[in-house]
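K.L.:
Contents of model30.txt (compact mmCIF, C-alpha atoms) are given next:
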# COMPACT_ATOMS: atom_id res chain seq x y z
CA MET W 8 145.54 198.70 291.82
CA THR W 9 142.45 200.69 290.91
CA PHE W 10 140.45 197.69 289.76
CA THR W 11 140.92 193.95 289.58
CA SER W 12 140.62 191.29 286.91
CA GLN W 13 137.61 189.92 288.79
CA GLN W 14 135.87 193.27 288.49
CA LEU W 15 136.69 193.44 284.79
CA ASP W 16 135.35 189.90 284.33
CA GLY W 17 132.14 190.92 286.08
CA ILE W 18 131.70 193.96 283.85
CA VAL W 19 132.30 192.01 280.63
CA GLU W 20 130.10 189.09 281.63
CA ASN W 21 127.26 191.36 282.76
CA MET W 22 127.49 193.38 279.55
CA TRP W 23 127.57 190.33 277.33
CA THR W 24 124.65 188.55 278.95
CA THR W 25 122.47 191.63 279.53
CA VAL W 26 122.94 193.36 276.18
CA LEU W 27 123.43 190.39 273.89
CA ASP W 28 122.00 187.46 275.85
CA LEU W 29 124.90 185.33 274.66
CA PRO W 30 126.93 182.88 276.76
CA ILE W 31 130.39 183.98 277.78
CA GLN W 32 133.15 182.28 279.67
CA SER W 33 136.24 183.85 281.16
CA LEU W 34 139.45 182.19 280.04
CA GLY W 35 141.57 184.17 282.48
CA VAL W 36 144.81 185.97 281.84
CA ILE W 37 146.45 185.03 278.56
CA PRO W 38 149.79 185.85 276.98
CA PRO W 39 149.79 188.12 273.92
CA VAL W 40 148.41 186.05 271.06
CA VAL W 41 147.24 187.14 267.64
CA ASN W 42 144.58 184.63 266.70
CA ASN W 43 142.06 186.49 264.61
CA GLU W 44 143.63 186.30 261.19
CA ASP W 45 140.17 185.90 259.64
CA GLY W 46 139.38 189.46 260.64
CA GLN W 47 139.31 191.44 263.84
CA LEU W 48 137.74 194.63 265.08
CA THR W 49 138.96 196.47 268.13
CA GLY W 50 136.97 199.00 270.10
CA CYS W 51 139.00 201.45 272.17
CA VAL W 52 138.12 204.10 274.74
CA HIS W 53 140.42 206.36 276.72
CA ILE W 54 140.00 207.40 280.32
CA THR W 55 141.70 210.54 281.60
CA GLY W 56 141.79 212.31 284.93
CA ALA W 57 142.38 210.50 288.22
CA TRP W 58 143.34 207.40 286.22
CA ARG W 59 144.80 207.56 282.75
CA GLY W 60 144.81 204.80 280.22
CA ALA W 61 142.86 202.98 277.58
CA MET W 62 140.66 199.93 277.28
CA LEU W 63 140.53 197.80 274.17
CA LEU W 64 138.09 195.05 273.24
CA GLU W 65 139.48 192.84 270.48
CA CYS W 66 136.87 190.68 268.77
CA PRO W 67 136.85 188.43 265.73
CA THR W 68 134.80 190.16 263.06
CA ALA W 69 132.43 187.20 262.98
CA LEU W 70 131.62 187.69 266.66
CA VAL W 71 131.06 191.43 266.19
CA ARG W 72 128.79 190.59 263.26
CA ARG W 73 126.82 188.25 265.54
CA ALA W 74 126.55 190.99 268.17
CA ALA W 75 125.48 193.57 265.59
CA SER W 76 122.82 191.24 264.21
CA ILE W 77 121.35 191.07 267.73
CA PHE W 78 121.58 194.83 268.22
CA PHE W 79 119.92 195.61 264.91
CA GLU W 80 117.59 192.60 264.74
CA MET W 81 118.81 191.49 261.33
CA THR W 82 120.68 188.56 259.86
CA ALA W 83 124.46 188.51 260.07
CA GLU W 84 124.65 188.86 256.29
CA GLU W 85 122.66 192.11 256.40
CA VAL W 86 125.02 193.84 258.83
CA THR W 87 127.01 196.66 257.22
CA ASP W 88 130.56 197.76 258.03
CA ALA W 89 129.20 200.88 259.75
CA GLU W 90 126.98 198.74 261.95
CA LEU W 91 129.94 196.53 262.82
CA GLY W 92 131.86 199.58 263.98
CA ASP W 93 128.86 200.88 265.89
CA ALA W 94 128.45 197.56 267.69
CA ILE W 95 132.05 197.11 268.84
CA GLY W 96 132.23 200.81 269.72
CA GLU W 97 129.15 200.62 271.91
CA LEU W 98 130.38 197.48 273.67
CA ILE W 99 133.69 199.04 274.69
CA ASN W 100 131.86 202.24 275.61
CA ILE W 101 129.72 200.30 278.08
CA ALA W 102 132.74 198.47 279.49
CA GLY W 103 134.71 201.71 279.77
CA GLY W 104 131.92 203.53 281.53
CA ASN W 105 131.58 200.74 284.07
CA VAL W 106 135.32 200.69 284.72
CA LYS W 107 135.32 204.47 285.06
CA ALA W 108 132.82 204.11 287.89
CA LEU W 109 135.36 202.02 289.82
CA ILE W 110 137.92 204.83 289.84
CA SER W 111 138.06 207.28 292.71
CA GLY W 112 138.26 210.88 291.63
CA PRO W 113 137.07 212.77 288.57
CA THR W 114 137.67 211.11 285.23
CA GLN W 115 136.57 211.57 281.65
CA LEU W 116 135.63 208.87 279.16
CA SER W 117 136.39 209.39 275.47
CA LEU W 118 134.15 208.53 272.58
CA PRO W 119 135.04 205.09 271.19
CA THR W 120 137.49 204.49 268.38
CA VAL W 121 137.38 201.41 266.17
CA VAL W 122 140.42 199.73 264.66
CA GLU W 123 140.12 197.19 261.87
CA GLY W 124 142.73 194.47 261.50
CA VAL W 125 145.16 192.53 263.62
CA HIS W 126 148.50 194.19 263.19
CA TYR W 127 148.40 197.38 265.20
CA ARG W 128 150.11 198.78 268.27
CA VAL W 129 148.62 201.08 270.86
CA VAL W 130 150.75 203.88 272.25
CA VAL W 131 149.19 205.88 275.09
CA GLY W 132 151.95 208.09 276.38
CA SER W 133 154.39 206.19 278.58
CA SER W 134 152.17 203.24 279.36
CA ARG W 135 152.11 199.57 280.18
CA GLU W 136 149.54 196.86 279.68
CA THR W 137 148.04 195.95 283.04
CA PHE W 138 145.39 193.42 281.97
CA ARG W 139 144.90 191.09 279.03
CA LEU W 140 141.86 188.96 279.72
CA ALA W 141 140.34 186.43 277.35
CA TYR W 142 136.74 185.33 276.96
CA ASP W 143 135.02 182.67 274.92
CA CYS W 144 131.65 183.22 273.28
CA GLU W 145 130.28 180.32 271.27
CA GLY W 146 133.79 179.21 270.35
CA ALA W 147 135.04 182.68 269.41
CA ARG W 148 137.74 184.26 271.54
CA MET W 149 137.80 187.93 272.39
CA THR W 150 140.27 189.85 274.50
CA LEU W 151 139.92 192.80 276.85
CA ARG W 152 143.13 194.80 277.25
CA VAL W 153 143.77 197.58 279.72
CA VAL W 154 146.68 199.94 279.14
CA GLU W 155 147.64 202.28 281.97
CA VAL W 156 149.76 205.40 281.70
CA ASP W 157 152.51 205.00 284.27
CA SER W 158 153.15 207.59 286.96
CA VAL W 159 156.34 208.81 285.30
CA GLY W 160 154.47 209.29 282.05
CA ARG W 161 151.70 211.07 283.91
CA ARG W 162 154.11 213.51 285.48
CA SER W 163 155.92 214.18 282.26
CA ALA W 164 152.63 214.70 280.45
CA SER W 165 151.37 217.24 282.93
CA MET D 136 102.96 209.73 273.22
CA LYS D 137 106.27 210.70 271.63
CA ILE D 138 109.58 209.44 272.99
CA LEU D 139 112.91 210.80 271.74
CA VAL D 140 115.92 208.48 272.03
CA VAL D 141 119.26 210.27 271.77
CA ASP D 142 122.50 208.33 271.33
CA ASP D 143 125.35 208.52 268.86
CA SER D 144 125.19 204.74 268.62
CA LYS D 145 122.42 203.52 266.35
CA ALA D 146 122.82 200.12 268.00
CA MET D 147 122.05 201.56 271.42
CA ARG D 148 119.10 203.53 270.10
CA MET D 149 117.70 200.27 268.75
CA ILE D 150 118.19 198.55 272.10
CA VAL D 151 116.58 201.37 274.05
CA MET D 152 113.54 201.50 271.74
CA ARG D 153 113.19 197.71 271.80
CA THR D 154 113.30 197.70 275.58
CA LEU D 155 110.76 200.51 275.80
CA ARG D 156 108.42 198.42 273.69
CA GLN D 157 109.03 195.44 275.99
CA ILE D 158 108.00 197.43 279.04
CA GLY D 159 104.67 198.44 277.57
CA LEU D 160 105.43 201.54 275.54
CA GLY D 161 104.97 199.92 272.15
CA GLN D 162 102.21 202.34 271.23
CA ALA D 163 104.52 205.33 271.53
CA THR D 164 105.94 207.15 268.53
CA PHE D 165 109.71 206.90 268.65
CA LEU D 166 111.97 209.67 267.45
CA GLU D 167 115.76 209.38 267.17
CA ALA D 168 118.68 211.77 267.31
CA GLY D 169 122.42 211.09 267.11
CA ASN D 170 123.66 213.93 269.30
CA GLY D 171 122.51 216.77 271.52
CA VAL D 172 122.29 219.35 268.77
CA LEU D 173 119.95 217.20 266.70
CA ALA D 174 118.02 216.29 269.83
CA LEU D 175 117.45 219.93 270.71
CA GLU D 176 116.09 220.57 267.21
CA ALA D 177 113.83 217.52 267.50
CA ILE D 178 112.52 218.61 270.91
CA LYS D 179 111.59 222.03 269.56
CA ALA D 180 109.99 220.64 266.42
CA GLU D 181 108.29 217.53 267.72
CA HIS D 182 107.59 218.29 271.40
CA PRO D 183 108.22 214.77 272.72
CA ASP D 184 106.79 213.72 276.08
CA LEU D 185 109.97 211.97 277.18
CA VAL D 186 113.64 212.12 276.21
CA LEU D 187 116.17 209.37 276.94
CA ALA D 188 119.68 210.62 276.24
CA ASP D 189 123.16 209.21 276.26
CA TRP D 190 125.83 211.14 278.18
CA ASN D 191 128.88 211.05 275.91
CA MET D 192 128.07 212.22 272.42
CA PRO D 193 129.76 214.33 269.74
CA GLU D 194 128.62 217.89 268.94
CA MET D 195 126.64 218.28 272.17
CA ASN D 196 126.76 215.85 275.08
CA GLY D 197 123.87 214.81 277.26
CA ILE D 198 124.39 217.18 280.15
CA ASP D 199 124.62 220.18 277.83
CA LEU D 200 121.44 219.01 276.14
CA LEU D 201 119.73 218.95 279.54
CA ARG D 202 121.08 222.40 280.39
CA ASN D 203 119.72 223.76 277.10
CA VAL D 204 116.34 222.15 277.68
CA LYS D 205 116.13 223.76 281.12
CA ALA D 206 117.49 227.14 280.01
CA GLN D 207 115.03 227.35 277.13
CA ASN D 208 112.10 226.12 279.26
CA LEU D 209 111.27 223.38 276.81
CA GLY D 210 109.33 221.53 279.46
CA VAL D 211 110.19 217.97 278.54
CA ARG D 212 111.09 215.18 280.95
CA LEU D 213 114.67 214.16 280.21
CA GLY D 214 116.69 211.32 281.69
CA PHE D 215 119.94 209.58 280.89
CA VAL D 216 120.73 206.09 279.66
CA THR D 217 124.47 205.91 279.96
CA SER D 218 127.50 203.80 280.75
CA GLU D 219 128.60 206.70 282.97
CA THR D 220 127.67 205.34 286.37
CA SER D 221 129.94 207.19 288.79
CA GLU D 222 128.53 209.11 291.75
CA GLU D 223 130.08 212.25 290.28
CA ILE D 224 128.02 211.86 287.11
CA LYS D 225 124.83 210.98 288.98
CA SER D 226 125.22 213.99 291.23
CA LEU D 227 125.79 216.29 288.26
CA ALA D 228 122.84 214.84 286.34
CA PHE D 229 120.33 215.13 289.15
CA GLY D 230 121.73 218.48 290.21
CA GLU D 231 120.92 219.81 286.74
CA GLY D 232 117.41 218.38 286.87
CA ALA D 233 117.58 214.97 285.20
CA ALA D 234 114.45 212.90 285.68
CA PHE D 235 116.37 209.63 285.97
CA LEU D 236 119.64 207.94 285.15
CA VAL D 237 119.81 204.36 283.92
CA SER D 238 123.14 202.59 283.77
CA LYS D 239 124.20 200.57 280.75
CA PRO D 240 123.88 197.67 280.51
CA PHE D 241 120.27 197.78 281.61
CA THR D 242 117.42 195.29 281.80
CA PRO D 243 113.76 195.94 281.01
CA ASP D 244 113.07 195.97 284.74
CA SER D 245 115.80 198.48 285.54
CA LEU D 246 114.70 200.77 282.70
CA LYS D 247 111.07 200.55 283.79
CA ALA D 248 111.95 201.25 287.40
CA ALA D 249 114.04 204.27 286.46
CA ILE D 250 111.52 205.84 284.11
CA GLY D 251 108.60 205.23 286.46
CA ASP D 252 105.03 205.97 285.53
CA ILE D 253 104.57 208.04 282.42
Now that the file is in, can you turn its structure into structure tokens?

P.N.:
Amino acid sequence: MTFTSQQLDGIVENMWTTVLDLPIQSLGVIPPVVNNEDGQLTGCVHITGAWRGAMLLECPTALVRRAASIFFEMTAEEVTDAELGDAIGELINIAGGNVKALISGPTQLSLPTVVEGVHYRVVVGSSRETFRLAYDCEGARMTLRVVEVDSVGRRSAS
Amino acid sequence: MKILVVDDSKAMRMIVMRTLRQIGLGQATFLEAGNGVLALEAIKAEHPDLVLADWNMPEMNGIDLLRNVKAQNLGVRLGFVTSETSEEIKSLAFGEGAAFLVSKPFTPDSLKAAIGDI
């Protein structure tokens, strides 16, 4: 295993407290649950090279709005859709960059992509989900997912 | 003093500028650019004293911005504020002449320590 759930927890908790100064609590590994029917934004980055896969941060829109209001020093009501996308994109970019540093060998980090809504599926070559970790911030639940391209998929892609 | 903050994320530009004010640079004039191409234009037009640039950006990334600054002898101090924290990236950045590299997420203290005296 290239990195552990404890390392991922450390990255997310450090990011959340340093950038946003908001409390966050790890809820551990959770089964796949769709629980953000009131609106969800997902930030996604891809890592290629010595390790290939993607990282996704799924957040209720209300929590992203809270984060964006801190980033931009404005009220939650003033935050625009573009600023919501910017906020979730930057958060997963920070997490992805920190995970990239844990990988031995040269890797590349993509620019972030933002997905709006709950009902989507991520296909990254021949891949499998290796982590699905949940966190609580002020009663809102967010999820960090890591999808890794398997070795067979890596060979066939090369 | 003019400080140019380069990042494709407006949110991160806001955070960097806010933190710079917190560490005593509130009197500076802040300029912003969303990628390396725009940053290069701003450096030539505005002659900032310091540039803080992201690494991964569209159009022109941070390392290519630094290479252009050096190749064109623009004479500005340029460092990185980036989530790219691997030794490979640090080695490349300093090898090309970066003044500093600050890892995201950063604190006011870590940013101040990296930038040093201006």

K.L.:
What is the CA of Phe138 (chain W) to CA of Gly104 (chain W) distance in Å?

P.N.:
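One can read the CA of Phe138 (chain W) to CA of Gly104 (chain W) distance as 16.8 Å.
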
K.L.:
Thr114 (chain W): which residues within 9 Å, counting all atoms listed in the file, same-chain residues fewer than 2 positions away excluded, as number ranges by chain?

P.N.:
W: 54-59, 107-108, 110-112, 116

K.L.:
Of the candidates W:Val19, W:Ala69, W:Val156, W:Ile101, which one gets nearest to chain D if we count only C-alpha atoms?

P.N.:
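The closest residue to chain D is W:Ile101.
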
K.L.:
Report as a Markdown table: every residue of chain W with an atom at most 10 Å from chain D, its closest pair of atoms, and their distance in Å to one decimal, counting all atoms listed in the file, with rows sorted by chain and ascending residue number.

P.N.:
| residue | atom | partner | partner_atom | distance |
| --- | --- | --- | --- | --- |
| W:Ile18 | CA | D:Pro240 | CA | 9.3 |
| W:Asn21 | CA | D:Pro240 | CA | 7.5 |
| W:Met22 | CA | D:Pro240 | CA | 5.7 |
| W:Trp23 | CA | D:Pro240 | CA | 8.8 |
| W:Thr24 | CA | D:Pro240 | CA | 9.3 |
| W:Thr25 | CA | D:Pro240 | CA | 6.3 |
| W:Val26 | CA | D:Pro240 | CA | 6.2 |
| W:Leu27 | CA | D:Pro240 | CA | 9.9 |
| W:Ala74 | CA | D:Ala146 | CA | 9.9 |
| W:Ala75 | CA | D:Ala146 | CA | 7.5 |
| W:Ser76 | CA | D:Ala146 | CA | 9.7 |
| W:Ile77 | CA | D:Ala146 | CA | 9.2 |
| W:Phe78 | CA | D:Ala146 | CA | 5.4 |
| W:Phe79 | CA | D:Ala146 | CA | 6.2 |
| W:Glu80 | CA | D:Met149 | CA | 8.7 |
| W:Ala89 | CA | D:Lys145 | CA | 9.8 |
| W:Glu90 | CA | D:Ala146 | CA | 7.5 |
| W:Leu91 | CA | D:Ala146 | CA | 9.5 |
| W:Gly92 | CA | D:Ser144 | CA | 9.6 |
| W:Asp93 | CA | D:Ser144 | CA | 6.0 |
| W:Ala94 | CA | D:Ala146 | CA | 6.2 |
| W:Ile95 | CA | D:Ala146 | CA | 9.7 |
| W:Gly96 | CA | D:Ser144 | CA | 8.1 |
| W:Glu97 | CA | D:Ser144 | CA | 6.6 |
| W:Leu98 | CA | D:Pro240 | CA | 9.4 |
| W:Ile99 | CA | D:Ser218 | CA | 9.9 |
| W:Asn100 | CA | D:Ser218 | CA | 6.9 |
| W:Ile101 | CA | D:Ser218 | CA | 4.9 |
| W:Ala102 | CA | D:Ser218 | CA | 7.6 |
| W:Gly103 | CA | D:Ser218 | CA | 7.6 |
| W:Gly104 | CA | D:Ser218 | CA | 4.5 |
| W:Asn105 | CA | D:Ser218 | CA | 6.1 |
| W:Val106 | CA | D:Thr220 | CA | 9.1 |
| W:Lys107 | CA | D:Ser221 | CA | 7.1 |
| W:Ala108 | CA | D:Ser221 | CA | 4.3 |
| W:Leu109 | CA | D:Ser221 | CA | 7.6 |
| W:Ile110 | CA | D:Ser221 | CA | 8.4 |
| W:Ser111 | CA | D:Ser221 | CA | 9.0 |
| W:Gly112 | CA | D:Glu223 | CA | 8.4 |
| W:Pro113 | CA | D:Glu223 | CA | 7.2 |
| W:Thr114 | CA | D:Glu223 | CA | 9.2 |
| W:Gln115 | CA | D:Glu219 | CA | 9.4 |
| W:Leu116 | CA | D:Asn191 | CA | 7.8 |
| W:Ser117 | CA | D:Asn191 | CA | 7.7 |
| W:Leu118 | CA | D:Asn191 | CA | 6.7 |
| W:Pro119 | CA | D:Asn191 | CA | 9.8 |

K.L.:
Ranking D:Leu160, D:Val211, D:Ile250, D:Leu201 by minimum distance to Leu227 (chain D) and counting all atoms listed in the file, which one comes first?

P.N.:
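Of the candidates, the smallest distance to Leu227 (chain D) is held by D:Leu201.
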
K.L.:
Between D:Gly232, D:Phe215, D:Val237, D:Leu175, single out the one closest to Leu187 (chain D), counting only C-alpha atoms.

P.N.:
D:Phe215

K.L.:
Given the choices D:Ala228, D:Val140, D:Leu246, D:Ala174, which gets closest to Val204 (chain D) if the distance is worked out from only C-alpha atoms?

P.N.:
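That would be D:Ala174, the residue with the smallest distance to Val204 (chain D).
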
K.L.:
For a quick check of understanding, using all atoms listed in the file, which of W:Pro67, W:Met62, W:Glu123, W:Asp157 has the smallest distance to Asp88 (chain W)?

P.N.:
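The closest residue to Asp88 (chain W) is W:Glu123.
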
K.L.:
For Leu213 (chain D), please output as a PDB file with C-alpha atoms, in the frame of the given file all residues within 8 Å (counting only C-alpha atoms; exclusion window: fewer than 5 positions along the same chain).

P.N.:
ATOM      1  CA  LEU D 185     109.970 211.970 277.180  1.00  0.00           C
ATOM      2  CA  VAL D 186     113.640 212.120 276.210  1.00  0.00           C
ATOM      3  CA  LEU D 187     116.170 209.370 276.940  1.00  0.00           C
ATOM      4  CA  ALA D 188     119.680 210.620 276.240  1.00  0.00           C
ATOM      5  CA  LEU D 201     119.730 218.950 279.540  1.00  0.00           C
ATOM      6  CA  ALA D 233     117.580 214.970 285.200  1.00  0.00           C
ATOM      7  CA  ALA D 234     114.450 212.900 285.680  1.00  0.00           C
ATOM      8  CA  PHE D 235     116.370 209.630 285.970  1.00  0.00           C
TER       9      PHE D 235
END

K.L.:
Can you tell me how far CA of Lys247 (chain D) sits from CA of Glu167 (chain D), in Å to one decimal?

P.N.:
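Interatomic distance, CA of Lys247 (chain D) to CA of Glu167 (chain D): 19.4 Å.
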